[in-house]
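Below is one structure, written out as structure tokens; the observations come after it.
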Amino acid sequence: MNEREILSQRIVTLSGLLDTPGGALGPAAGELGARLRAGWETERRLLERIVAEAKDGDVRTVVDVWHARTTAFLGGAGGDAAGWTDGEGRRWLAAEVLALLDDVRERLATWAVDVPGESEAV
């Protein structure tokens with residue numbers, strides 16, 4: 001499984017959690033469920049963007065570019081509430097994006113070690 005496939009599989013997992021009508025984290029899950037869903041939705045959107053940008057390229061390079069760009073934005077904007085709105089009108093919080101990117105890096109590093117045949121390439 002390559003890095004693009006690893007992220008694509010995570011998107012499938014998140015979609016299963018988010019798109020199941022009446023699932024465990026539906027309206028009855030309350031505030032905690034709403035917070036989990038919001039985080040998963042943000043993660044799915046970010047992963048979809050990374051996979052789209054890494055069409056023929058290196059996923060880690062795209063993650064690094066996003067991380068550098070977001071870090072620079074946060075340095076200039078300051079504060080945990082610093083963020084932007086994308087072309088689709090969705091709000092992104094820089095600190096949350098950085099935390100997700102760190103998670104993506106960790107996930108890729110873990111899979112690179114655990115997937116047979118890929119650990120030798122690291």
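Going by the structure tokens order, chains are called A, B, ..., each with residues numbered from 1, while ligands are numbered from 1 in the order shown.
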
Step one, run DSSP on the backbone; step two, keep only residues of range 18-93 of chain A assigned to strand (DSSP E); then write them as an MDAnalysis selection string. chainID A and resid 83:85 91:93

Could the residues in this selection be written to a file with C-alpha atoms, as a compact mmCIF listing (two decimals), in the first residue's frame?
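Result file out-v7.txt:
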```txt
# COMPACT_ATOMS: atom_id res chain seq x y z
CA GLY A 83 -7.80 30.65 10.21
CA TRP A 84 -9.12 31.18 6.74
CA THR A 85 -12.15 30.41 4.62
CA ARG A 91 -13.57 27.58 7.71
CA TRP A 92 -10.11 26.18 8.48
CA LEU A 93 -8.38 26.82 11.81
```

So that I can check the surroundings of Ala54 in chain A, please list as a PyMOL selection string every protein, DNA and RNA residue that reaches within 12 Å of it, counting only C-alpha atoms and ignoring chain neighbours fewer than 4 positions away. chain A and resi 3-5+7-8+47-50+58-66

Would you save the residues from that selection as a PDB file, in the first residue's frame, using N, CA and C atoms?
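Written file, selection-v5.pdb:
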```pdb
ATOM      1  N   GLU A   3       1.558   5.535  -0.037  1.00  0.00           N
ATOM      2  CA  GLU A   3       1.093   6.611   0.844  1.00  0.00           C
ATOM      3  C   GLU A   3      -0.246   7.189   0.403  1.00  0.00           C
ATOM      4  N   ARG A   4      -0.423   7.306  -0.884  1.00  0.00           N
ATOM      5  CA  ARG A   4      -1.699   7.806  -1.413  1.00  0.00           C
ATOM      6  C   ARG A   4      -2.833   6.854  -1.033  1.00  0.00           C
ATOM      7  N   GLU A   5      -2.585   5.564  -1.133  1.00  0.00           N
ATOM      8  CA  GLU A   5      -3.596   4.566  -0.765  1.00  0.00           C
ATOM      9  C   GLU A   5      -3.881   4.587   0.734  1.00  0.00           C
ATOM     10  N   LEU A   7      -3.810   7.216   2.707  1.00  0.00           N
ATOM     11  CA  LEU A   7      -4.700   8.346   2.967  1.00  0.00           C
ATOM     12  C   LEU A   7      -6.084   8.107   2.374  1.00  0.00           C
ATOM     13  N   SER A   8      -6.133   7.484   1.212  1.00  0.00           N
ATOM     14  CA  SER A   8      -7.433   7.169   0.595  1.00  0.00           C
ATOM     15  C   SER A   8      -8.231   6.209   1.474  1.00  0.00           C
ATOM     16  N   LEU A  47      -7.602  15.564   3.981  1.00  0.00           N
ATOM     17  CA  LEU A  47      -7.037  14.412   3.276  1.00  0.00           C
ATOM     18  C   LEU A  47      -7.448  14.395   1.807  1.00  0.00           C
ATOM     19  N   GLU A  48      -8.692  14.747   1.529  1.00  0.00           N
ATOM     20  CA  GLU A  48      -9.140  14.815   0.132  1.00  0.00           C
ATOM     21  C   GLU A  48      -8.330  15.849  -0.641  1.00  0.00           C
ATOM     22  N   ARG A  49      -8.050  16.978  -0.021  1.00  0.00           N
ATOM     23  CA  ARG A  49      -7.240  18.015  -0.674  1.00  0.00           C
ATOM     24  C   ARG A  49      -5.818  17.534  -0.909  1.00  0.00           C
ATOM     25  N   ILE A  50      -5.225  16.875   0.092  1.00  0.00           N
ATOM     26  CA  ILE A  50      -3.857  16.372  -0.045  1.00  0.00           C
ATOM     27  C   ILE A  50      -3.780  15.340  -1.165  1.00  0.00           C
ATOM     28  N   ASP A  58       4.381  13.240  -4.797  1.00  0.00           N
ATOM     29  CA  ASP A  58       4.702  12.651  -3.515  1.00  0.00           C
ATOM     30  C   ASP A  58       3.778  13.220  -2.436  1.00  0.00           C
ATOM     31  N   VAL A  59       3.057  12.358  -1.757  1.00  0.00           N
ATOM     32  CA  VAL A  59       2.126  12.771  -0.715  1.00  0.00           C
ATOM     33  C   VAL A  59       2.857  13.528   0.393  1.00  0.00           C
ATOM     34  N   ARG A  60       4.015  13.017   0.799  1.00  0.00           N
ATOM     35  CA  ARG A  60       4.755  13.677   1.890  1.00  0.00           C
ATOM     36  C   ARG A  60       5.175  15.094   1.500  1.00  0.00           C
ATOM     37  N   THR A  61       5.501  15.312   0.242  1.00  0.00           N
ATOM     38  CA  THR A  61       5.862  16.655  -0.210  1.00  0.00           C
ATOM     39  C   THR A  61       4.672  17.590  -0.078  1.00  0.00           C
ATOM     40  N   VAL A  62       3.491  17.120  -0.458  1.00  0.00           N
ATOM     41  CA  VAL A  62       2.277  17.938  -0.331  1.00  0.00           C
ATOM     42  C   VAL A  62       2.007  18.237   1.140  1.00  0.00           C
ATOM     43  N   VAL A  63       2.147  17.238   1.999  1.00  0.00           N
ATOM     44  CA  VAL A  63       1.947  17.445   3.435  1.00  0.00           C
ATOM     45  C   VAL A  63       2.954  18.470   3.960  1.00  0.00           C
ATOM     46  N   ASP A  64       4.199  18.361   3.532  1.00  0.00           N
ATOM     47  CA  ASP A  64       5.229  19.313   3.967  1.00  0.00           C
ATOM     48  C   ASP A  64       4.922  20.734   3.499  1.00  0.00           C
ATOM     49  N   VAL A  65       4.441  20.867   2.276  1.00  0.00           N
ATOM     50  CA  VAL A  65       4.083  22.192   1.746  1.00  0.00           C
ATOM     51  C   VAL A  65       2.927  22.775   2.552  1.00  0.00           C
ATOM     52  N   TRP A  66       1.905  21.963   2.793  1.00  0.00           N
ATOM     53  CA  TRP A  66       0.772  22.424   3.597  1.00  0.00           C
ATOM     54  C   TRP A  66       1.243  22.843   4.990  1.00  0.00           C
TER      55      TRP A  66
END
```

Expected answer as a PyMOL selection string: helix (DSSP H, G or I) residues in range 9-117 of chain A: chain A and resi 9-19+27-53+59-77+94-114

From the options A:Thr71, A:Ser15, A:Thr110, A:Asn2, which residue's atoms come nearest to Glu43 in chain A, counting only C-alpha atoms? A:Ser15

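Taking only C-alpha atoms, the non-local environment of Glu96 in chain A within 10 Å (same-chain residues fewer than 2 positions away omitted) comprises Gly39, Thr42, Glu43, Asp80, Ala81, Ala82, Gly83, Trp92, Leu93, Ala94, Leu98, Ala99, Leu100, Leu101 and Asp102 of chain A.
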
Would you compute the distance between CA of Arg44 in chain A and CA of Leu14 in chain A? Give it in Å to one decimal.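 One can read the CA of Arg44 in chain A to CA of Leu14 in chain A distance as 6.4 Å.
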
One-decimal distance in Å that lies between CA of Arg45 in chain A and CA of Arg90 in chain A: 9.7 Å

Name the residues in contact with Trp40 in chain A at a cut-off of 12 Å, using only C-alpha atoms, excluding same-chain residues fewer than 6 positions from it; report them as an mmCIF file with N, CA and C atoms, in the first residue's frame.
```cif
data_model
loop_
_atom_site.group_PDB
_atom_site.id
_atom_site.type_symbol
_atom_site.label_atom_id
_atom_site.label_comp_id
_atom_site.auth_asym_id
_atom_site.auth_seq_id
_atom_site.Cartn_x
_atom_site.Cartn_y
_atom_site.Cartn_z
ATOM 1 N N ARG A 10 -8.015 6.000 4.723
ATOM 2 C CA ARG A 10 -8.481 6.783 5.870
ATOM 3 C C ARG A 10 -9.715 7.596 5.477
ATOM 4 N N ILE A 11 -9.740 8.128 4.267
ATOM 5 C CA ILE A 11 -10.915 8.866 3.783
ATOM 6 C C ILE A 11 -12.129 7.943 3.764
ATOM 7 N N VAL A 12 -11.954 6.711 3.294
ATOM 8 C CA VAL A 12 -13.050 5.737 3.261
ATOM 9 C C VAL A 12 -13.549 5.467 4.686
ATOM 10 N N THR A 13 -12.614 5.294 5.620
ATOM 11 C CA THR A 13 -12.985 5.049 7.017
ATOM 12 C C THR A 13 -13.770 6.223 7.583
ATOM 13 N N LEU A 14 -13.273 7.436 7.359
ATOM 14 C CA LEU A 14 -13.963 8.628 7.858
ATOM 15 C C LEU A 14 -15.337 8.769 7.212
ATOM 16 N N SER A 15 -15.428 8.485 5.934
ATOM 17 C CA SER A 15 -16.713 8.572 5.234
ATOM 18 C C SER A 15 -17.707 7.583 5.826
ATOM 19 N N GLY A 16 -17.231 6.390 6.178
ATOM 20 C CA GLY A 16 -18.105 5.415 6.815
ATOM 21 C C GLY A 16 -18.634 5.918 8.154
ATOM 22 N N LEU A 17 -17.780 6.589 8.905
ATOM 23 C CA LEU A 17 -18.195 7.137 10.192
ATOM 24 C C LEU A 17 -19.170 8.308 10.023
ATOM 25 N N LEU A 18 -18.933 9.112 9.009
ATOM 26 C CA LEU A 18 -19.711 10.339 8.833
ATOM 27 C C LEU A 18 -20.991 10.159 8.025
ATOM 28 N N ASP A 19 -20.984 9.251 7.095
ATOM 29 C CA ASP A 19 -22.090 9.162 6.140
ATOM 30 C C ASP A 19 -23.111 8.083 6.458
ATOM 31 N N LEU A 25 -22.939 8.204 16.016
ATOM 32 C CA LEU A 25 -22.649 9.611 16.284
ATOM 33 C C LEU A 25 -23.639 10.531 15.574
ATOM 34 N N GLY A 33 -20.481 13.959 20.389
ATOM 35 C CA GLY A 33 -20.636 13.414 19.041
ATOM 36 C C GLY A 33 -20.469 14.492 17.982
ATOM 37 N N ALA A 34 -21.027 15.666 18.241
ATOM 38 C CA ALA A 34 -20.910 16.777 17.291
ATOM 39 C C ALA A 34 -19.457 17.215 17.138
ATOM 40 N N LEU A 46 -9.347 17.735 4.545
ATOM 41 C CA LEU A 46 -7.905 17.943 4.392
ATOM 42 C C LEU A 46 -7.269 16.793 3.617
ATOM 43 N N LEU A 47 -7.602 15.564 3.981
ATOM 44 C CA LEU A 47 -7.037 14.412 3.276
ATOM 45 C C LEU A 47 -7.448 14.395 1.807
ATOM 46 N N GLU A 96 -5.638 23.671 14.081
ATOM 47 C CA GLU A 96 -6.259 22.367 13.838
ATOM 48 C C GLU A 96 -5.644 21.696 12.606
ATOM 49 N N VAL A 97 -5.404 22.473 11.561
ATOM 50 C CA VAL A 97 -4.784 21.943 10.352
ATOM 51 C C VAL A 97 -3.387 21.414 10.670
ATOM 52 N N LEU A 100 -3.641 18.114 12.467
ATOM 53 C CA LEU A 100 -4.019 17.051 11.527
ATOM 54 C C LEU A 100 -2.848 16.658 10.637
#
```

May I ask for the distance between CA of Arg107 in chain A and CA of Ala95 in chain A, given in Å to one decimal place?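 Interatomic distance, CA of Arg107 in chain A to CA of Ala95 in chain A: 18.4 Å.
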